[in-house]
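Reviewing the structure listed below.
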Amino acid sequence: MRAFIFPGQGSQAVGMGQLLAEASREARAVFQEVDETLSQKLSALMIAGPQEELTLTANAQPAIMANAIATLRASGVDLASKANFVAGHSLGEYTALCAAGSISLATTARLLKLRGSAMQEAVPVGEGSMAALVGADLAIAQRIADAAAQGDVCTVANDNDPTQVVISGHKSAIDRAIGLAKEHGAKRGIPLPVSAPFHSPLMRPAADAMEQALADAEIAAPAVPLYANVTAAQVKDPDEIRRLLVTQVTGMVRWRESVLAMHEAGVTHFVEWGAKVLGGMVKRIAPDARVTSVVTPDDIEGLLKEI
């Protein structure tokens with residue numbers, strides 16, 4: 001069995017999509033549709049930068065999605081016949097739903113543009129922060145977060161794999177957590193270059209904005225089940241997908257559990273579209289699984305020989 005997986009924020013880089021656009025009419029069509037939908041030359045920003053503008057949450061989220069969908073469409077692979085499940089890390093969940101025909105490309109682009117803006121605006125710059133706890137599992141990370149909170153918000157945001165958990169919350173609490181990391185069993189805490197405390201209760205204003213937007217969005221049942229971030233379980237019902245996408249804004253991304261659940265359901269091959277980020281996590285979670293990361297036209301050719 002096979003799962004198609006899609007990356008989250010942080011996988012953006014200047015030059016993304018350029019080789020695809022040069023090689024594939026289908027990829028160019030994706031970039032053009034996203035540009036027209038957003039009334040923005042996002043594809044030019046992806047190819048030429050500047051990096052600091054591409055990294056802005058409101059740009060990075062639709063850009064990462066567009067790049068992954070362009071990669072998939074350039075491959076010509078029929079998802080419904082080649083994948084048993086889809087999943088995505090944070091914003092990648094929207095990409096997964098778009099890939100599986102649940103949400104149209106234009107609607108996905110609009111939702112992610114709004115999501116990025118709403119998440120950025122939810123907390124004043126400088127008040128929130130995130131950190132990666134290296135060499136920490138979920139239990140260690142939770143202990144560190146609890147010890148560092150001291151009345152502030154400090155919560156587990158991403159359970160990425162058995163060796164890396166990300167925490168999120170007030171900057172003062174995250175700074176304390178970094179200082180406490182070794183004392184509580186982690187190798188170290190590393191502040192992340194983000195401007196907002198994603199996947200924490202501080203994102204409530206963004207969740208409210210997404211609830212309103214998703215209520216009006218057309219969502220169909222995906223061609224194959226989605227493993228949802230906040231439950232690490234299969235979902236196909238459109239109303240349940242809406243609810244979980246809202247919950248995801250403030251909830252923990254249960255990526256480690258999602259990969260384990262897919263592996264236990266029989267998935268032996270994970271195909272990552274648009275980046276080479278999730279593959280390493282998958283191998284640390286399910287060492288015997290096969291992972292293929294597809295970014296370039298050459299990667300696409302290699303994949304087509306595999307499947």
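So you can find residues: chains in the structure tokens are A, B, ... in the order shown, residues in each start at 1, and ligands are numbered from 1 in order.
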- prompt: If you count only C-alpha atoms, which residues fall within 12 Å of Ala149 in chain A, apart from same-chain ones fewer than 2 positions away, as a ChimeraX atom specification?
  reply: /A:142-147,151-156,167-178,180
Write the residues of the selection above to a file with C-alpha atoms, as a PDB file, in the first residue's frame.
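Writing the result to selection_36.pdb gives the following:
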ATOM      1  CA  GLN A 142       5.406  17.826  27.399  1.00  0.00           C
ATOM      2  CA  ARG A 143       7.443  17.947  30.625  1.00  0.00           C
ATOM      3  CA  ILE A 144       9.538  20.810  29.266  1.00  0.00           C
ATOM      4  CA  ALA A 145       6.451  22.725  28.112  1.00  0.00           C
ATOM      5  CA  ASP A 146       4.724  22.267  31.468  1.00  0.00           C
ATOM      6  CA  ALA A 147       7.799  23.413  33.381  1.00  0.00           C
ATOM      7  CA  GLY A 151       1.280  31.114  33.534  1.00  0.00           C
ATOM      8  CA  ASP A 152       2.085  31.675  29.861  1.00  0.00           C
ATOM      9  CA  VAL A 153       1.051  29.500  26.918  1.00  0.00           C
ATOM     10  CA  CYS A 154       3.631  26.808  26.170  1.00  0.00           C
ATOM     11  CA  THR A 155       2.310  23.777  24.333  1.00  0.00           C
ATOM     12  CA  VAL A 156       3.400  20.951  22.052  1.00  0.00           C
ATOM     13  CA  ILE A 167       6.694  23.612  21.032  1.00  0.00           C
ATOM     14  CA  SER A 168       4.804  26.863  20.593  1.00  0.00           C
ATOM     15  CA  GLY A 169       3.480  29.716  22.713  1.00  0.00           C
ATOM     16  CA  HIS A 170       4.453  33.018  24.341  1.00  0.00           C
ATOM     17  CA  LYS A 171       8.045  33.977  23.555  1.00  0.00           C
ATOM     18  CA  SER A 172       8.932  34.269  27.240  1.00  0.00           C
ATOM     19  CA  ALA A 173       7.801  30.685  27.860  1.00  0.00           C
ATOM     20  CA  ILE A 174       9.564  29.325  24.769  1.00  0.00           C
ATOM     21  CA  ASP A 175      12.786  31.040  25.856  1.00  0.00           C
ATOM     22  CA  ARG A 176      12.443  29.365  29.264  1.00  0.00           C
ATOM     23  CA  ALA A 177      11.798  26.011  27.594  1.00  0.00           C
ATOM     24  CA  ILE A 178      14.996  26.298  25.547  1.00  0.00           C
ATOM     25  CA  LEU A 180      15.259  23.940  30.474  1.00  0.00           C
TER      26      LEU A 180
END
message: I want to know what sits within 12 Å of Gln32 in chain A, based on only C-alpha atoms, with residues of the same chain fewer than 5 positions away left out; could you give that as a PyMOL selection string?
response: chain A and resi 21+25-27+37-44+63+66-67+70+105-106+109
Residue list (helix (DSSP H, G or I), DSSP) for range 61-263 of chain A, as a PDB file with C-alpha atoms, in the first residue's frame:
ATOM      1  CA  GLN A  61       1.625  28.574   2.459  1.00  0.00           C
ATOM      2  CA  PRO A  62       0.052  28.881  -1.023  1.00  0.00           C
ATOM      3  CA  ALA A  63       3.504  28.625  -2.644  1.00  0.00           C
ATOM      4  CA  ILE A  64       4.337  25.301  -0.991  1.00  0.00           C
ATOM      5  CA  MET A  65       0.919  23.963  -1.952  1.00  0.00           C
ATOM      6  CA  ALA A  66       1.216  25.146  -5.572  1.00  0.00           C
ATOM      7  CA  ASN A  67       4.655  23.580  -5.922  1.00  0.00           C
ATOM      8  CA  ALA A  68       3.502  20.194  -4.607  1.00  0.00           C
ATOM      9  CA  ILE A  69       0.366  20.115  -6.762  1.00  0.00           C
ATOM     10  CA  ALA A  70       2.415  21.155  -9.809  1.00  0.00           C
ATOM     11  CA  THR A  71       4.823  18.281  -9.113  1.00  0.00           C
ATOM     12  CA  LEU A  72       1.985  15.788  -8.846  1.00  0.00           C
ATOM     13  CA  ARG A  73       0.234  16.997 -11.991  1.00  0.00           C
ATOM     14  CA  ALA A  74       3.482  17.129 -13.953  1.00  0.00           C
ATOM     15  CA  SER A  75       4.021  13.454 -13.112  1.00  0.00           C
ATOM     16  CA  LEU A  79      -3.673   9.509  -7.311  1.00  0.00           C
ATOM     17  CA  ALA A  80      -6.845   7.455  -6.957  1.00  0.00           C
ATOM     18  CA  SER A  81      -5.227   4.382  -8.512  1.00  0.00           C
ATOM     19  CA  LYS A  82      -1.696   4.757  -7.113  1.00  0.00           C
ATOM     20  CA  GLY A  92       0.183  20.210   3.728  1.00  0.00           C
ATOM     21  CA  GLU A  93      -3.165  18.834   4.825  1.00  0.00           C
ATOM     22  CA  TYR A  94      -4.836  21.333   2.476  1.00  0.00           C
ATOM     23  CA  THR A  95      -2.478  20.233  -0.316  1.00  0.00           C
ATOM     24  CA  ALA A  96      -3.375  16.598   0.351  1.00  0.00           C
ATOM     25  CA  LEU A  97      -7.082  17.400   0.083  1.00  0.00           C
ATOM     26  CA  CYS A  98      -6.510  19.327  -3.141  1.00  0.00           C
ATOM     27  CA  ALA A  99      -4.478  16.444  -4.574  1.00  0.00           C
ATOM     28  CA  LEU A 105      -6.913  24.284  -6.646  1.00  0.00           C
ATOM     29  CA  ALA A 106      -8.340  27.817  -6.674  1.00  0.00           C
ATOM     30  CA  THR A 107     -10.225  27.304  -3.409  1.00  0.00           C
ATOM     31  CA  THR A 108      -7.144  25.765  -1.784  1.00  0.00           C
ATOM     32  CA  ALA A 109      -5.021  28.739  -2.825  1.00  0.00           C
ATOM     33  CA  ARG A 110      -7.552  31.216  -1.421  1.00  0.00           C
ATOM     34  CA  LEU A 111      -7.909  29.287   1.843  1.00  0.00           C
ATOM     35  CA  LEU A 112      -4.160  29.090   2.372  1.00  0.00           C
ATOM     36  CA  LYS A 113      -3.644  32.768   1.580  1.00  0.00           C
ATOM     37  CA  LEU A 114      -6.261  33.592   4.210  1.00  0.00           C
ATOM     38  CA  ARG A 115      -4.867  31.018   6.641  1.00  0.00           C
ATOM     39  CA  GLY A 116      -1.371  32.447   6.342  1.00  0.00           C
ATOM     40  CA  SER A 117      -2.561  36.026   6.837  1.00  0.00           C
ATOM     41  CA  ALA A 118      -4.842  35.103   9.745  1.00  0.00           C
ATOM     42  CA  MET A 119      -2.111  33.131  11.528  1.00  0.00           C
ATOM     43  CA  GLN A 120       0.347  35.998  11.113  1.00  0.00           C
ATOM     44  CA  GLU A 121      -2.135  38.553  12.426  1.00  0.00           C
ATOM     45  CA  LEU A 138       6.488  13.622  23.163  1.00  0.00           C
ATOM     46  CA  ALA A 139       6.679  12.844  26.896  1.00  0.00           C
ATOM     47  CA  ILE A 140       9.929  14.800  27.366  1.00  0.00           C
ATOM     48  CA  ALA A 141       8.588  17.713  25.330  1.00  0.00           C
ATOM     49  CA  GLN A 142       5.406  17.826  27.399  1.00  0.00           C
ATOM     50  CA  ARG A 143       7.443  17.947  30.625  1.00  0.00           C
ATOM     51  CA  ILE A 144       9.538  20.810  29.266  1.00  0.00           C
ATOM     52  CA  ALA A 145       6.451  22.725  28.112  1.00  0.00           C
ATOM     53  CA  ASP A 146       4.724  22.267  31.468  1.00  0.00           C
ATOM     54  CA  ALA A 147       7.799  23.413  33.381  1.00  0.00           C
ATOM     55  CA  ALA A 148       8.332  26.452  31.168  1.00  0.00           C
ATOM     56  CA  ALA A 149       4.740  27.715  31.018  1.00  0.00           C
ATOM     57  CA  LYS A 171       8.045  33.977  23.555  1.00  0.00           C
ATOM     58  CA  SER A 172       8.932  34.269  27.240  1.00  0.00           C
ATOM     59  CA  ALA A 173       7.801  30.685  27.860  1.00  0.00           C
ATOM     60  CA  ILE A 174       9.564  29.325  24.769  1.00  0.00           C
ATOM     61  CA  ASP A 175      12.786  31.040  25.856  1.00  0.00           C
ATOM     62  CA  ARG A 176      12.443  29.365  29.264  1.00  0.00           C
ATOM     63  CA  ALA A 177      11.798  26.011  27.594  1.00  0.00           C
ATOM     64  CA  ILE A 178      14.996  26.298  25.547  1.00  0.00           C
ATOM     65  CA  GLY A 179      16.885  26.934  28.769  1.00  0.00           C
ATOM     66  CA  LEU A 180      15.259  23.940  30.474  1.00  0.00           C
ATOM     67  CA  LYS A 182      18.781  19.667  28.614  1.00  0.00           C
ATOM     68  CA  GLU A 183      17.737  19.538  32.260  1.00  0.00           C
ATOM     69  CA  HIS A 184      14.579  17.646  31.286  1.00  0.00           C
ATOM     70  CA  PRO A 201      -4.166  28.300  21.711  1.00  0.00           C
ATOM     71  CA  LEU A 202      -2.827  31.751  20.778  1.00  0.00           C
ATOM     72  CA  MET A 203      -4.009  31.017  17.224  1.00  0.00           C
ATOM     73  CA  ARG A 204      -7.694  31.154  18.239  1.00  0.00           C
ATOM     74  CA  PRO A 205      -8.396  34.305  16.119  1.00  0.00           C
ATOM     75  CA  ALA A 206      -7.005  32.488  13.071  1.00  0.00           C
ATOM     76  CA  ALA A 207      -9.122  29.416  13.830  1.00  0.00           C
ATOM     77  CA  ASP A 208     -12.221  31.622  13.961  1.00  0.00           C
ATOM     78  CA  ALA A 209     -11.324  33.147  10.575  1.00  0.00           C
ATOM     79  CA  MET A 210     -10.798  29.704   9.057  1.00  0.00           C
ATOM     80  CA  GLU A 211     -14.059  28.397  10.497  1.00  0.00           C
ATOM     81  CA  GLN A 212     -15.934  31.135   8.662  1.00  0.00           C
ATOM     82  CA  ALA A 213     -14.010  30.621   5.418  1.00  0.00           C
ATOM     83  CA  LEU A 214     -14.342  26.839   5.477  1.00  0.00           C
ATOM     84  CA  ALA A 215     -18.083  27.060   6.125  1.00  0.00           C
ATOM     85  CA  ASP A 216     -18.437  28.703   2.712  1.00  0.00           C
ATOM     86  CA  PRO A 238     -16.598  16.700   4.141  1.00  0.00           C
ATOM     87  CA  ASP A 239     -18.205  18.146   7.281  1.00  0.00           C
ATOM     88  CA  GLU A 240     -15.725  16.314   9.491  1.00  0.00           C
ATOM     89  CA  ILE A 241     -12.873  17.547   7.276  1.00  0.00           C
ATOM     90  CA  ARG A 242     -14.078  21.126   7.794  1.00  0.00           C
ATOM     91  CA  ARG A 243     -14.187  20.675  11.550  1.00  0.00           C
ATOM     92  CA  LEU A 244     -10.739  19.112  11.729  1.00  0.00           C
ATOM     93  CA  LEU A 245      -9.162  21.827   9.571  1.00  0.00           C
ATOM     94  CA  VAL A 246     -10.436  24.424  12.043  1.00  0.00           C
ATOM     95  CA  THR A 247      -9.215  22.424  15.041  1.00  0.00           C
ATOM     96  CA  GLN A 248      -5.828  22.004  13.370  1.00  0.00           C
ATOM     97  CA  VAL A 249      -5.055  25.753  13.594  1.00  0.00           C
ATOM     98  CA  THR A 250      -4.758  25.589  17.384  1.00  0.00           C
ATOM     99  CA  TRP A 255       2.607  13.554  12.441  1.00  0.00           C
ATOM    100  CA  ARG A 256       4.475  10.730  14.169  1.00  0.00           C
ATOM    101  CA  GLU A 257       1.197   9.039  15.096  1.00  0.00           C
ATOM    102  CA  SER A 258      -0.216   9.608  11.598  1.00  0.00           C
ATOM    103  CA  VAL A 259       2.744   7.901   9.921  1.00  0.00           C
ATOM    104  CA  LEU A 260       2.575   5.033  12.426  1.00  0.00           C
ATOM    105  CA  ALA A 261      -1.154   4.643  11.803  1.00  0.00           C
ATOM    106  CA  MET A 262      -0.678   4.561   8.034  1.00  0.00           C
ATOM    107  CA  HIS A 263       2.171   2.071   8.384  1.00  0.00           C
TER     108      HIS A 263
END
- prompt: Expressed in Å to a single decimal, how great is the separation between CA of Gly10 in chain A and CA of Asp35 in chain A?
  reply: 20.8 Å
task: Find the residues around range 264-272 of chain A up to 8 Å (only C-alpha atoms counted), leave out those fewer than 4 positions away in its own chain, and share them as a ChimeraX atom specification.
output: /A:1-7,260,276,278-279,282,288-294
Those residues with C-alpha atoms, as a CSV table (one decimal), in the first residue's frame please?
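Result went into again-v8.csv, see below:
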chain,number,residue,atom,x,y,z
A,1,MET,CA,0.0,0.0,0.0
A,2,ARG,CA,1.1,3.6,-0.7
A,3,ALA,CA,0.5,7.0,0.9
A,4,PHE,CA,1.1,10.4,-0.8
A,5,ILE,CA,2.3,13.0,1.7
A,6,PHE,CA,2.7,16.7,1.4
A,7,PRO,CA,5.1,19.1,3.2
A,260,LEU,CA,2.6,5.0,12.4
A,276,LYS,CA,12.5,16.5,0.7
A,278,LEU,CA,9.0,14.6,5.5
A,279,GLY,CA,11.0,11.6,4.2
A,282,VAL,CA,9.1,8.9,8.0
A,288,ASP,CA,11.4,-0.4,7.2
A,289,ALA,CA,9.1,1.8,5.0
A,290,ARG,CA,10.2,2.9,1.6
A,291,VAL,CA,10.3,6.7,1.0
A,292,THR,CA,10.4,8.5,-2.3
A,293,SER,CA,10.7,12.3,-2.4
A,294,VAL,CA,9.7,13.9,-5.7
- request: Write out as a count of residues only each polymer residue whose atoms come within 9 Å of Gly49 in chain A, counting only C-alpha atoms; drop sequence neighbours fewer than 6 positions from it.
  value: 3
